[in-house]
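Text of query.txt (compact mmCIF, C-alpha atoms) as supplied:
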```txt
# COMPACT_ATOMS: atom_id res chain seq x y z
CA MET A 1 -111.40 -179.09 -175.18
CA THR A 2 -113.34 -175.85 -174.65
CA SER A 3 -111.96 -173.87 -171.74
CA LEU A 4 -113.92 -171.57 -169.48
CA LYS A 5 -113.13 -167.87 -169.41
CA PRO A 6 -113.01 -166.60 -165.82
CA SER A 7 -114.06 -163.18 -164.62
CA GLU A 8 -111.18 -160.72 -164.55
CA GLY A 9 -111.02 -157.46 -162.75
CA PRO A 10 -108.68 -154.76 -161.55
CA ALA A 11 -105.86 -155.60 -159.17
CA TYR A 12 -107.20 -153.36 -156.45
CA SER A 13 -110.33 -151.66 -155.17
CA ARG A 14 -110.91 -148.52 -153.13
CA ILE A 15 -113.64 -146.46 -151.51
CA TYR A 16 -114.63 -143.51 -153.72
CA SER A 17 -116.98 -141.68 -151.38
CA PHE A 18 -119.20 -141.72 -148.32
CA GLY A 19 -122.81 -140.60 -148.00
CA ALA A 20 -124.76 -140.09 -144.79
CA ARG A 21 -128.31 -139.61 -143.57
CA ARG A 22 -129.44 -139.49 -139.95
CA GLY A 23 -132.99 -139.67 -138.59
CA GLU A 24 -134.60 -136.24 -138.29
CA ASN A 25 -135.33 -136.21 -134.56
CA VAL A 26 -132.73 -135.48 -131.90
CA VAL A 27 -133.65 -137.52 -128.82
CA THR A 28 -131.92 -136.62 -125.56
CA ASN A 29 -131.18 -138.91 -122.64
CA ASP A 30 -133.77 -137.00 -120.61
CA ASP A 31 -136.39 -137.81 -123.28
CA ILE A 32 -135.98 -141.57 -122.72
CA ALA A 33 -134.60 -141.96 -119.20
CA GLY A 34 -137.94 -142.09 -117.37
CA PRO A 35 -139.30 -145.45 -118.52
CA ILE A 36 -135.94 -147.13 -117.88
CA ASN A 37 -135.57 -145.57 -114.43
CA SER A 38 -132.33 -143.93 -115.42
CA SER A 39 -130.80 -140.50 -115.87
CA ASP A 40 -128.82 -138.41 -118.32
CA GLU A 41 -125.80 -138.76 -116.05
CA TRP A 42 -126.00 -142.57 -115.89
CA ILE A 43 -126.46 -142.95 -119.65
CA ARG A 44 -123.53 -140.64 -120.40
CA GLN A 45 -121.28 -142.43 -117.92
CA ARG A 46 -122.33 -145.91 -119.02
CA THR A 47 -122.27 -145.33 -122.79
CA GLY A 48 -120.98 -141.89 -123.75
CA ILE A 49 -124.27 -141.07 -125.46
CA VAL A 50 -125.62 -137.53 -125.13
CA THR A 51 -128.30 -137.71 -127.86
CA ARG A 52 -129.42 -140.24 -130.42
CA ARG A 53 -131.03 -139.57 -133.80
CA ARG A 54 -134.38 -141.19 -134.47
CA GLY A 55 -136.45 -141.10 -137.62
CA THR A 56 -139.94 -139.66 -137.82
CA ALA A 57 -142.83 -142.04 -138.41
CA GLU A 58 -142.74 -141.05 -142.08
CA GLU A 59 -139.04 -141.74 -142.60
CA THR A 60 -138.55 -145.36 -143.64
CA VAL A 61 -135.34 -147.35 -143.66
CA ILE A 62 -135.58 -147.25 -147.47
CA ASP A 63 -135.75 -143.43 -147.37
CA LEU A 64 -132.65 -143.27 -145.17
CA ALA A 65 -130.79 -145.66 -147.46
CA VAL A 66 -131.77 -143.81 -150.64
CA ASP A 67 -130.64 -140.44 -149.32
CA ALA A 68 -127.28 -141.74 -148.13
CA ALA A 69 -126.79 -143.63 -151.38
CA LYS A 70 -127.56 -140.63 -153.58
CA GLN A 71 -125.06 -138.53 -151.66
CA ALA A 72 -122.35 -141.18 -152.00
CA ILE A 73 -123.00 -141.54 -155.72
CA GLU A 74 -122.89 -137.77 -156.29
CA ARG A 75 -119.67 -137.43 -154.32
CA ALA A 76 -118.12 -140.35 -156.21
CA GLY A 77 -118.81 -138.55 -159.47
CA ILE A 78 -120.19 -141.65 -161.17
CA ASP A 79 -123.35 -142.34 -163.12
CA PRO A 80 -125.60 -144.63 -161.04
CA GLN A 81 -125.97 -146.78 -164.14
CA GLU A 82 -122.32 -147.74 -163.69
CA ILE A 83 -123.12 -149.43 -160.39
CA GLY A 84 -122.93 -153.20 -160.84
CA ALA A 85 -124.18 -154.24 -157.42
CA VAL A 86 -126.11 -152.72 -154.53
CA ILE A 87 -125.58 -154.34 -151.15
CA MET A 88 -127.79 -153.19 -148.30
CA SER A 89 -127.01 -154.28 -144.79
CA THR A 90 -129.95 -153.95 -142.43
CA VAL A 91 -131.82 -155.76 -139.67
CA THR A 92 -134.72 -153.32 -139.69
CA TYR A 93 -136.35 -153.87 -143.05
CA PHE A 94 -139.44 -155.84 -142.17
CA HIS A 95 -140.13 -157.64 -145.41
CA GLN A 96 -138.68 -161.08 -146.07
CA THR A 97 -138.91 -160.29 -149.76
CA PRO A 98 -138.34 -158.46 -152.09
CA SER A 99 -135.01 -157.14 -150.82
CA ALA A 100 -134.63 -153.55 -149.71
CA ALA A 101 -131.54 -153.35 -151.94
CA ALA A 102 -133.54 -154.01 -155.12
CA ILE A 103 -136.00 -151.25 -154.23
CA VAL A 104 -133.20 -148.85 -153.33
CA ALA A 105 -131.30 -149.69 -156.51
CA ASP A 106 -134.35 -148.78 -158.58
CA LYS A 107 -134.95 -145.53 -156.68
CA ILE A 108 -131.38 -144.29 -157.10
CA GLY A 109 -131.15 -145.01 -160.81
CA ALA A 110 -128.98 -148.11 -160.50
CA ASN A 111 -131.57 -150.52 -161.91
CA PRO A 112 -130.61 -153.17 -163.32
CA ALA A 113 -127.67 -153.61 -160.90
CA ALA A 114 -127.49 -156.82 -158.90
CA ALA A 115 -129.06 -156.15 -155.55
CA PHE A 116 -129.22 -158.05 -152.27
CA ASP A 117 -129.62 -157.50 -148.57
CA ILE A 118 -127.26 -158.86 -145.99
CA SER A 119 -127.96 -159.47 -142.33
CA ALA A 120 -124.80 -159.02 -140.30
CA ALA A 121 -126.09 -156.67 -137.63
CA CYS A 122 -123.51 -154.14 -136.50
CA ALA A 123 -120.84 -155.79 -138.65
CA GLY A 124 -123.01 -155.29 -141.71
CA TYR A 125 -121.08 -152.41 -143.25
CA THR A 126 -117.68 -154.10 -142.92
CA TYR A 127 -119.19 -157.37 -144.21
CA GLY A 128 -120.48 -155.33 -147.16
CA ILE A 129 -117.06 -153.79 -147.80
CA ALA A 130 -115.49 -157.27 -147.83
CA GLN A 131 -117.96 -158.37 -150.48
CA ALA A 132 -117.63 -155.18 -152.51
CA ASP A 133 -113.84 -155.55 -152.56
CA GLY A 134 -114.18 -159.09 -153.85
CA LEU A 135 -116.81 -158.25 -156.45
CA VAL A 136 -114.79 -155.38 -157.88
CA ARG A 137 -111.47 -157.22 -158.02
CA ALA A 138 -113.12 -160.28 -159.54
CA GLY A 139 -114.58 -158.10 -162.27
CA THR A 140 -118.14 -159.01 -161.25
CA ALA A 141 -119.09 -155.37 -160.77
CA LYS A 142 -117.30 -152.18 -161.75
CA TYR A 143 -118.73 -150.17 -158.88
CA VAL A 144 -120.47 -151.53 -155.81
CA LEU A 145 -122.71 -149.48 -153.56
CA VAL A 146 -122.59 -150.61 -149.94
CA ILE A 147 -125.26 -149.25 -147.64
CA GLY A 148 -125.70 -149.76 -143.92
CA ALA A 149 -129.23 -148.57 -143.12
CA GLU A 150 -131.23 -149.00 -139.97
CA LYS A 151 -134.39 -147.71 -138.34
CA MET A 152 -133.63 -149.24 -134.96
CA SER A 153 -136.42 -147.21 -133.38
CA ASP A 154 -138.86 -149.62 -135.05
CA PHE A 155 -137.47 -152.34 -132.80
CA ILE A 156 -136.97 -150.72 -129.43
CA ASP A 157 -138.67 -151.32 -126.12
CA PRO A 158 -138.85 -148.02 -124.20
CA GLU A 159 -138.63 -149.93 -120.90
CA ASP A 160 -135.59 -152.01 -121.85
CA ARG A 161 -132.37 -151.17 -120.02
CA SER A 162 -130.20 -153.57 -122.01
CA ILE A 163 -129.98 -152.04 -125.48
CA SER A 164 -132.94 -149.95 -126.65
CA PHE A 165 -131.78 -146.68 -125.11
CA LEU A 166 -128.54 -146.88 -127.12
CA LEU A 167 -130.17 -147.20 -130.50
CA GLY A 168 -130.57 -144.64 -133.27
CA ASP A 169 -131.68 -144.41 -136.90
CA GLY A 170 -129.57 -143.62 -139.90
CA ALA A 171 -127.85 -144.77 -143.06
CA GLY A 172 -124.31 -144.62 -144.35
CA ALA A 173 -123.39 -145.45 -147.92
CA VAL A 174 -120.13 -146.03 -149.73
CA VAL A 175 -119.17 -146.44 -153.39
CA VAL A 176 -116.41 -149.01 -153.95
CA GLY A 177 -114.70 -149.20 -157.32
CA PRO A 178 -111.51 -150.03 -159.21
CA SER A 179 -108.17 -148.63 -158.12
CA GLU A 180 -104.61 -148.50 -159.36
CA THR A 181 -103.30 -148.74 -155.82
CA PRO A 182 -104.50 -150.85 -152.86
CA GLY A 183 -107.42 -149.16 -151.15
CA ILE A 184 -109.00 -151.98 -149.14
CA SER A 185 -107.01 -154.55 -147.20
CA LYS A 186 -107.82 -158.21 -146.56
CA THR A 187 -110.88 -158.52 -144.36
CA ILE A 188 -110.53 -160.41 -141.11
CA TRP A 189 -114.01 -161.66 -140.35
CA GLY A 190 -115.97 -164.44 -138.75
CA SER A 191 -118.77 -165.51 -136.49
CA ASP A 192 -119.54 -167.31 -133.25
CA GLY A 193 -123.07 -168.64 -133.44
CA SER A 194 -122.68 -170.34 -130.08
CA ARG A 195 -123.29 -166.85 -128.71
CA ALA A 196 -126.46 -166.14 -130.65
CA ASP A 197 -128.18 -165.41 -127.34
CA ALA A 198 -125.89 -162.47 -126.52
CA ILE A 199 -127.81 -159.99 -128.70
CA TYR A 200 -131.13 -161.13 -130.03
CA GLN A 201 -134.68 -160.47 -131.20
CA THR A 202 -137.13 -161.60 -128.52
CA HIS A 203 -139.34 -163.68 -130.82
CA GLY A 204 -139.81 -164.34 -134.51
CA TRP A 205 -142.74 -163.44 -136.76
CA ASP A 206 -143.86 -167.08 -136.73
CA GLN A 207 -143.96 -167.09 -132.94
CA LEU A 208 -145.89 -163.84 -133.02
CA ARG A 209 -148.40 -165.37 -135.41
CA GLU A 210 -148.88 -168.36 -133.06
CA ASN A 211 -149.08 -166.17 -129.97
CA PRO A 212 -150.29 -162.66 -130.74
CA GLU A 213 -150.14 -161.80 -127.06
CA LEU A 214 -146.35 -161.75 -127.35
CA GLY A 215 -146.66 -158.36 -129.00
CA TRP A 216 -144.22 -156.66 -131.35
CA PRO A 217 -140.75 -158.21 -131.02
CA THR A 218 -137.87 -156.17 -129.69
CA LEU A 219 -134.15 -156.50 -129.03
CA ARG A 220 -132.24 -157.56 -125.96
CA GLN A 221 -128.56 -157.95 -125.16
CA ASP A 222 -126.37 -159.30 -122.38
CA GLY A 223 -124.55 -156.00 -121.97
CA PRO A 224 -121.60 -157.03 -119.78
CA SER A 225 -120.82 -160.13 -121.88
CA VAL A 226 -121.03 -158.21 -125.12
CA PHE A 227 -118.87 -155.46 -123.64
CA LYS A 228 -116.17 -157.99 -122.75
CA TRP A 229 -116.29 -159.65 -126.17
CA ALA A 230 -116.26 -156.36 -128.06
CA SER A 231 -113.57 -154.67 -125.97
CA PHE A 232 -111.06 -157.49 -125.86
CA LYS A 233 -111.75 -160.21 -128.42
CA MET A 234 -112.33 -157.63 -131.16
CA ALA A 235 -108.99 -156.01 -130.37
CA GLY A 236 -107.35 -159.28 -131.40
CA TYR A 237 -109.15 -159.33 -134.75
CA ALA A 238 -108.40 -155.64 -135.31
CA THR A 239 -104.72 -156.37 -134.72
CA GLN A 240 -104.91 -159.22 -137.22
CA ALA A 241 -106.48 -156.86 -139.76
CA ILE A 242 -103.67 -154.35 -139.28
CA GLU A 243 -101.07 -157.09 -139.77
CA ALA A 244 -102.91 -158.47 -142.82
CA ALA A 245 -102.73 -154.96 -144.28
CA GLY A 246 -98.96 -155.08 -143.90
CA LEU A 247 -99.10 -152.34 -141.29
CA THR A 248 -98.39 -151.70 -137.62
CA PRO A 249 -100.73 -149.91 -135.18
CA GLU A 250 -98.59 -146.78 -135.53
CA ASP A 251 -99.55 -146.57 -139.20
CA ILE A 252 -103.26 -146.24 -138.43
CA GLN A 253 -104.36 -142.63 -138.78
CA VAL A 254 -108.11 -143.07 -138.28
CA PHE A 255 -109.99 -145.56 -136.13
CA ALA A 256 -113.65 -146.17 -136.92
CA PRO A 257 -115.09 -148.93 -134.76
CA HIS A 258 -118.77 -149.78 -134.65
CA GLN A 259 -120.35 -147.12 -132.45
CA ALA A 260 -121.70 -149.49 -129.81
CA ASN A 261 -120.58 -147.79 -126.62
CA MET A 262 -117.92 -145.13 -126.00
CA ARG A 263 -116.30 -147.29 -123.33
CA ILE A 264 -115.80 -150.11 -125.83
CA ILE A 265 -114.17 -147.61 -128.19
CA ASP A 266 -111.81 -146.41 -125.47
CA GLN A 267 -110.88 -149.94 -124.45
CA LEU A 268 -110.26 -150.99 -128.06
CA ILE A 269 -107.87 -148.06 -128.59
CA LYS A 270 -105.92 -149.23 -125.56
CA GLN A 271 -105.93 -152.93 -126.44
CA ILE A 272 -104.96 -152.39 -130.09
CA HIS A 273 -102.17 -150.03 -128.97
CA LEU A 274 -103.22 -147.35 -131.42
CA PRO A 275 -101.06 -144.21 -131.34
CA GLU A 276 -102.20 -141.16 -129.38
CA SER A 277 -102.35 -139.27 -132.66
CA VAL A 278 -105.08 -141.53 -134.08
CA VAL A 279 -108.31 -139.77 -135.03
CA VAL A 280 -111.25 -141.67 -133.58
CA GLY A 281 -114.83 -141.88 -134.72
CA ARG A 282 -117.04 -140.98 -131.75
CA ASP A 283 -120.28 -140.20 -133.56
CA ILE A 284 -122.16 -142.34 -131.01
CA ALA A 285 -122.17 -139.35 -128.65
CA ASP A 286 -124.69 -137.52 -130.83
CA THR A 287 -126.15 -140.16 -133.12
CA GLY A 288 -126.39 -143.21 -130.88
CA ASN A 289 -125.79 -146.79 -131.96
CA THR A 290 -127.14 -147.15 -135.50
CA SER A 291 -126.00 -150.75 -136.05
CA ALA A 292 -124.86 -151.28 -139.65
CA ALA A 293 -124.94 -147.53 -140.34
CA SER A 294 -122.70 -146.53 -137.47
CA ILE A 295 -119.25 -146.91 -139.05
CA PRO A 296 -119.93 -145.11 -142.35
CA LEU A 297 -121.75 -142.35 -140.44
CA ALA A 298 -118.79 -141.95 -138.11
CA ILE A 299 -116.26 -141.85 -140.94
CA ASP A 300 -118.34 -139.45 -143.02
CA ARG A 301 -118.53 -137.10 -140.04
CA LEU A 302 -114.75 -137.18 -139.54
CA LEU A 303 -114.23 -136.36 -143.22
CA GLN A 304 -116.85 -133.61 -143.33
CA GLU A 305 -115.48 -132.00 -140.16
CA GLY A 306 -111.92 -132.21 -141.47
CA GLN A 307 -110.57 -134.44 -138.72
CA ALA A 308 -109.85 -137.19 -141.24
CA LYS A 309 -108.30 -136.50 -144.63
CA SER A 310 -108.28 -138.06 -148.05
CA GLY A 311 -105.59 -140.72 -148.15
CA ASP A 312 -105.68 -141.48 -144.43
CA LEU A 313 -105.36 -145.14 -143.42
CA CYS A 314 -108.51 -146.04 -141.52
CA LEU A 315 -109.03 -149.18 -139.43
CA GLN A 316 -112.71 -150.04 -139.43
CA ILE A 317 -114.17 -152.86 -137.34
CA GLY A 318 -117.79 -153.91 -136.98
CA PHE A 319 -119.13 -156.40 -134.44
CA GLY A 320 -122.57 -157.43 -133.33
CA ALA A 321 -125.42 -159.87 -133.10
CA GLY A 322 -124.55 -163.33 -134.33
CA LEU A 323 -122.11 -162.88 -132.92
CA VAL A 324 -120.32 -161.65 -136.01
CA TYR A 325 -117.39 -159.35 -136.75
CA ALA A 326 -115.36 -157.98 -139.65
CA ALA A 327 -112.38 -155.65 -139.84
CA GLN A 328 -110.28 -154.15 -142.60
CA VAL A 329 -108.04 -151.19 -143.22
CA VAL A 330 -109.13 -148.78 -145.95
CA VAL A 331 -107.71 -145.68 -147.60
CA LEU A 332 -110.15 -142.83 -147.06
CA PRO A 333 -111.40 -141.06 -150.17
CA MET B 334 -98.04 -171.64 -110.66
CA ALA B 335 -100.73 -171.52 -107.96
CA TYR B 336 -101.21 -168.17 -106.27
CA THR B 337 -102.18 -167.96 -102.61
CA GLU B 338 -105.35 -166.18 -101.56
CA GLN B 339 -103.28 -163.23 -100.36
CA GLU B 340 -101.42 -163.04 -103.66
CA VAL B 341 -104.65 -163.15 -105.65
CA LEU B 342 -106.19 -160.40 -103.52
CA ALA B 343 -103.07 -158.25 -103.91
CA GLY B 344 -102.96 -158.83 -107.67
CA LEU B 345 -106.66 -158.19 -108.08
CA ALA B 346 -106.41 -155.00 -106.01
CA GLU B 347 -103.71 -153.75 -108.39
CA ILE B 348 -105.95 -154.46 -111.37
CA VAL B 349 -108.91 -152.70 -109.75
CA ALA B 350 -106.73 -149.73 -108.80
CA GLU B 351 -105.41 -149.48 -112.35
CA GLU B 352 -108.90 -149.60 -113.81
CA THR B 353 -110.58 -147.22 -111.36
CA GLY B 354 -107.88 -144.98 -109.93
CA LEU B 355 -108.86 -146.02 -106.42
CA PRO B 356 -106.03 -146.39 -103.87
CA VAL B 357 -104.86 -150.01 -103.72
CA ASP B 358 -105.21 -150.25 -99.95
CA THR B 359 -108.92 -149.40 -100.14
CA ILE B 360 -109.61 -152.53 -102.18
CA THR B 361 -110.23 -155.28 -99.65
CA ALA B 362 -112.03 -158.62 -99.78
CA GLU B 363 -115.15 -157.48 -97.97
CA LYS B 364 -115.79 -154.52 -100.22
CA SER B 365 -118.68 -154.69 -102.68
CA PHE B 366 -117.74 -153.80 -106.26
CA VAL B 367 -120.93 -151.88 -106.88
CA ASP B 368 -122.00 -150.49 -103.52
CA ASP B 369 -118.64 -149.76 -101.88
CA LEU B 370 -116.26 -149.20 -104.81
CA ASP B 371 -118.80 -147.75 -107.29
CA ILE B 372 -117.60 -150.13 -110.02
CA ASP B 373 -120.28 -150.98 -112.57
CA SER B 374 -120.84 -154.24 -114.42
CA LEU B 375 -118.87 -153.12 -117.48
CA SER B 376 -115.79 -152.25 -115.43
CA ILE B 377 -116.11 -155.56 -113.60
CA MET B 378 -115.80 -157.28 -116.98
CA THR B 379 -112.62 -155.32 -117.71
CA ILE B 380 -111.23 -156.28 -114.32
CA VAL B 381 -112.18 -159.92 -114.88
CA THR B 382 -110.45 -159.96 -118.29
CA HIS B 383 -107.23 -158.60 -116.83
CA ALA B 384 -107.48 -161.08 -113.94
CA GLU B 385 -107.83 -163.96 -116.42
CA ASP B 386 -104.57 -162.87 -118.05
CA LYS B 387 -102.74 -162.21 -114.81
CA PHE B 388 -103.67 -165.45 -113.06
CA ASP B 389 -103.98 -167.63 -116.18
CA VAL B 390 -107.52 -168.74 -115.35
CA THR B 391 -110.82 -168.67 -117.20
CA ILE B 392 -113.66 -166.79 -115.56
CA PRO B 393 -116.97 -167.48 -117.36
CA ASP B 394 -119.20 -164.44 -117.85
CA ASP B 395 -121.96 -166.02 -115.75
CA ALA B 396 -119.54 -166.46 -112.83
CA ALA B 397 -118.33 -162.87 -113.15
CA LYS B 398 -121.88 -161.59 -112.95
CA ASP B 399 -122.17 -163.22 -109.49
CA PHE B 400 -119.17 -161.31 -108.10
CA ASN B 401 -120.69 -159.09 -105.45
CA LEU B 402 -117.68 -158.69 -103.16
CA VAL B 403 -114.02 -158.47 -104.14
CA GLY B 404 -113.62 -161.63 -102.06
CA ASP B 405 -116.05 -163.48 -104.37
CA ALA B 406 -113.67 -162.86 -107.26
CA VAL B 407 -110.65 -163.85 -105.17
CA ASN B 408 -112.28 -167.12 -104.10
CA PHE B 409 -113.24 -167.96 -107.67
CA ILE B 410 -109.75 -167.30 -109.01
CA VAL B 411 -108.11 -169.35 -106.26
CA GLY B 412 -110.49 -172.23 -106.98
CA ALA B 413 -110.05 -171.97 -110.75
CA GLN B 414 -106.30 -172.48 -110.65
CA ALA B 415 -105.34 -175.85 -112.10
```
Full structure transcribed into structure tokens:
Amino acid sequence: MTSLKPSEGPAYSRIYSFGARRGENVVTNDDIAGPINSSDEWIRQRTGIVTRRRGTAEETVIDLAVDAAKQAIERAGIDPQEIGAVIMSTVTYFHQTPSAAAIVADKIGANPAAAFDISAACAGYTYGIAQADGLVRAGTAKYVLVIGAEKMSDFIDPEDRSISFLLGDGAGAVVVGPSETPGISKTIWGSDGSRADAIYQTHGWDQLRENPELGWPTLRQDGPSVFKWASFKMAGYATQAIEAAGLTPEDIQVFAPHQANMRIIDQLIKQIHLPESVVVGRDIADTGNTSAASIPLAIDRLLQEGQAKSGDLCLQIGFGAGLVYAAQVVVLP
Amino acid sequence: MAYTEQEVLAGLAEIVAEETGLPVDTITAEKSFVDDLDIDSLSIMTIVTHAEDKFDVTIPDDAAKDFNLVGDAVNFIVGAQA
């Protein structure tokens, strides 16, 4: 009988590099506080945000993704032709098809890599890392480019007090490839679709077509409920991820949660019992909440500023609309 | 174990004090979370989560959003005990 030959790959995978690109404009709290009847002081106290980055009208989510990707590829020291798959996580690419990933792959010299978009909101980067880890270790792709790219400013409502004022534009990219030592731990991930109304788009394109008076859709969230879920339930999954990595909280040297709200970050540190010495990604203060881009942007900043070092064990956890979440521990490049 | 109203108030006051730094004896049933104690909706959710653990009850998010006074939370917790 003829037997099937399975795909075989390396025993382990690791992150080779990070790349980052933020929207050009720096938008202060004072710039946006008026229409939401708020103030710089309230926004800082409520969220920890001082400024958020927003793209110009000319900067597209594809542009942001391409720039971050090129930087990651250059830093990884690989030929883009060696990339076997491009995964782009985004909720702000407004074409059903073709995928943004296929276009990005072509622009960065990775054509004919496999390319697909994923929609996992603010867990998109960690969902992408889970897939990249699997693809590399299965031998399906030698290198995988994971990009979290968002132009959230295309979706905001200037008068919305629930989420729009948090949001920023940017892209973070990562090259994942083969490794002789473990570089990415088991991903703890999941969803709870019963809470799809916690963070949502107000109406779909089909509803807009039926009722043009609805206007351009935007985003809304139930802030207090999401805060509770993110601050406490996510701590449980983060703890599971640490245990799955064969570690204890004391082993974690860098903590890079989705940059949703500084108060969620602070509560997570407490609930996960991370050591006082842990280096924490707090990029939200200057960049805002960039959804799928937020974690790679935060980690890249820690590395570039020297607060995080090559070889550090980093707990990364993403969580967002779905509701969905994913956490893993990675070795920083 | 069913806690009395006094016990729930005392326990909740400890949680609020821990979360906010306010003196325990300033946290009384007739105080409003927002207007008197300057506690916002996010901190209320933190307080509610700790109260769920302490009193072994479930406080749905929609119920928590209706907590205006500290006494509202106390009454809910007392009623939610099995």
Given the point (-108.5, -162.6, -108.4) in the file's coordinates, find the residues that have an atom at most 12 Å from it, counting all atoms listed in the file, and give them as a short mmCIF file (atom, residue, chain, number, x, y, z; two decimals) with C-alpha atoms, in the coordinates of the input.
```cif
data_model
loop_
_atom_site.label_atom_id
_atom_site.label_comp_id
_atom_site.auth_asym_id
_atom_site.auth_seq_id
_atom_site.Cartn_x
_atom_site.Cartn_y
_atom_site.Cartn_z
CA ALA B 335 -100.73 -171.52 -107.96
CA TYR B 336 -101.21 -168.17 -106.27
CA THR B 337 -102.18 -167.96 -102.61
CA GLU B 338 -105.35 -166.18 -101.56
CA GLN B 339 -103.28 -163.23 -100.36
CA GLU B 340 -101.42 -163.04 -103.66
CA VAL B 341 -104.65 -163.15 -105.65
CA LEU B 342 -106.19 -160.40 -103.52
CA ALA B 343 -103.07 -158.25 -103.91
CA GLY B 344 -102.96 -158.83 -107.67
CA LEU B 345 -106.66 -158.19 -108.08
CA ALA B 346 -106.41 -155.00 -106.01
CA GLU B 347 -103.71 -153.75 -108.39
CA ILE B 348 -105.95 -154.46 -111.37
CA VAL B 349 -108.91 -152.70 -109.75
CA ILE B 360 -109.61 -152.53 -102.18
CA THR B 361 -110.23 -155.28 -99.65
CA ALA B 362 -112.03 -158.62 -99.78
CA ILE B 377 -116.11 -155.56 -113.60
CA ILE B 380 -111.23 -156.28 -114.32
CA VAL B 381 -112.18 -159.92 -114.88
CA THR B 382 -110.45 -159.96 -118.29
CA HIS B 383 -107.23 -158.60 -116.83
CA ALA B 384 -107.48 -161.08 -113.94
CA GLU B 385 -107.83 -163.96 -116.42
CA ASP B 386 -104.57 -162.87 -118.05
CA LYS B 387 -102.74 -162.21 -114.81
CA PHE B 388 -103.67 -165.45 -113.06
CA ASP B 389 -103.98 -167.63 -116.18
CA VAL B 390 -107.52 -168.74 -115.35
CA THR B 391 -110.82 -168.67 -117.20
CA ILE B 392 -113.66 -166.79 -115.56
CA ALA B 397 -118.33 -162.87 -113.15
CA PHE B 400 -119.17 -161.31 -108.10
CA LEU B 402 -117.68 -158.69 -103.16
CA VAL B 403 -114.02 -158.47 -104.14
CA GLY B 404 -113.62 -161.63 -102.06
CA ASP B 405 -116.05 -163.48 -104.37
CA ALA B 406 -113.67 -162.86 -107.26
CA VAL B 407 -110.65 -163.85 -105.17
CA ASN B 408 -112.28 -167.12 -104.10
CA PHE B 409 -113.24 -167.96 -107.67
CA ILE B 410 -109.75 -167.30 -109.01
CA VAL B 411 -108.11 -169.35 -106.26
CA GLY B 412 -110.49 -172.23 -106.98
CA ALA B 413 -110.05 -171.97 -110.75
CA GLN B 414 -106.30 -172.48 -110.65
#
```
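Residues within 8 Å of segment 11-15 of chain A, counting all atoms listed in the file and excluding same-chain residues fewer than 2 positions away, are Gly9, Ser17, Phe18, Asp133, Val136, Arg137, Val174, Val175, Val176, Gly177, Pro178, Ser179, Glu180, Thr181, Pro182, Gly183, Ile184, Val330, Val331, Leu332 and Pro333 of chain A.
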As a PyMOL selection string, please: the residues near Pro6 of chain A (cut-off 9 Å, only C-alpha atoms, same-chain neighbours under 2 positions excluded). chain A and resi 4+8+138
Residue selection dump (C-alpha atoms) as a compact mmCIF listing (two decimals), in the frame of the given file:
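out.txt written:
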```txt
# COMPACT_ATOMS: atom_id res chain seq x y z
CA LEU A 4 -113.92 -171.57 -169.48
CA GLU A 8 -111.18 -160.72 -164.55
CA ALA A 138 -113.12 -160.28 -159.54
```
Residues of chain A were defined as contacting chain B if any atom lay at most 9 Å from it, counting all atoms listed in the file; please report them as a CSV table (one decimal) with C-alpha atoms, in the frame of the given file.
```
chain,number,residue,atom,x,y,z
A,46,ARG,CA,-122.3,-145.9,-119.0
A,223,GLY,CA,-124.6,-156.0,-122.0
A,224,PRO,CA,-121.6,-157.0,-119.8
A,225,SER,CA,-120.8,-160.1,-121.9
A,227,PHE,CA,-118.9,-155.5,-123.6
A,228,LYS,CA,-116.2,-158.0,-122.8
A,231,SER,CA,-113.6,-154.7,-126.0
A,232,PHE,CA,-111.1,-157.5,-125.9
A,263,ARG,CA,-116.3,-147.3,-123.3
A,267,GLN,CA,-110.9,-149.9,-124.4
```
Near segment 245-247 of chain A, within 9 Å and counting only C-alpha atoms, which residues show up once chain neighbours fewer than 4 positions away are dropped, as a list in words?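 Residues near the query, excluding close chain neighbours: Ile184, Ser185, Lys186, Thr187, Gln240, Ala241, Asp251, Ile252, Gln328 and Val329 of chain A.
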Using all atoms listed in the file, find the one residue out of B:Phe366, B:Met334, B:Ala396, B:Ile372 that sits nearest to Thr353 of chain B.
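Among the listed residues, the smallest separation from Thr353 of chain B belongs to B:Ile372.
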Contacts of Gly170 of chain A within 7 Å, all atoms listed in the file, excl. fewer than 6 positions in-chain, as an MDAnalysis selection string: chainID A and resid 21:23 64 149:151 290 293
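The smallest atom-to-atom distance between Gly168 of chain A and any of A:Ala238, A:Ile73, A:Ile147, A:Ala292, using all atoms listed in the file, is found for A:Ala292.
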When you get a chance, write out N, CA and C atoms for segment 11-15 of chain A, as a PDB file, in the frame of the given file.
```pdb
ATOM      1  N   ALA A  11    -106.668-155.009-160.235  1.00  0.00           N
ATOM      2  CA  ALA A  11    -105.860-155.600-159.170  1.00  0.00           C
ATOM      3  C   ALA A  11    -106.322-155.132-157.797  1.00  0.00           C
ATOM      4  N   TYR A  12    -106.855-153.924-157.747  1.00  0.00           N
ATOM      5  CA  TYR A  12    -107.200-153.360-156.450  1.00  0.00           C
ATOM      6  C   TYR A  12    -108.567-152.686-156.486  1.00  0.00           C
ATOM      7  N   SER A  13    -109.089-152.436-155.290  1.00  0.00           N
ATOM      8  CA  SER A  13    -110.330-151.660-155.170  1.00  0.00           C
ATOM      9  C   SER A  13    -110.107-150.567-154.139  1.00  0.00           C
ATOM     10  N   ARG A  14    -110.988-149.560-154.161  1.00  0.00           N
ATOM     11  CA  ARG A  14    -110.910-148.520-153.130  1.00  0.00           C
ATOM     12  C   ARG A  14    -112.287-147.915-152.914  1.00  0.00           C
ATOM     13  N   ILE A  15    -112.405-147.203-151.808  1.00  0.00           N
ATOM     14  CA  ILE A  15    -113.640-146.460-151.510  1.00  0.00           C
ATOM     15  C   ILE A  15    -113.553-145.109-152.215  1.00  0.00           C
TER      16      ILE A  15
END
```
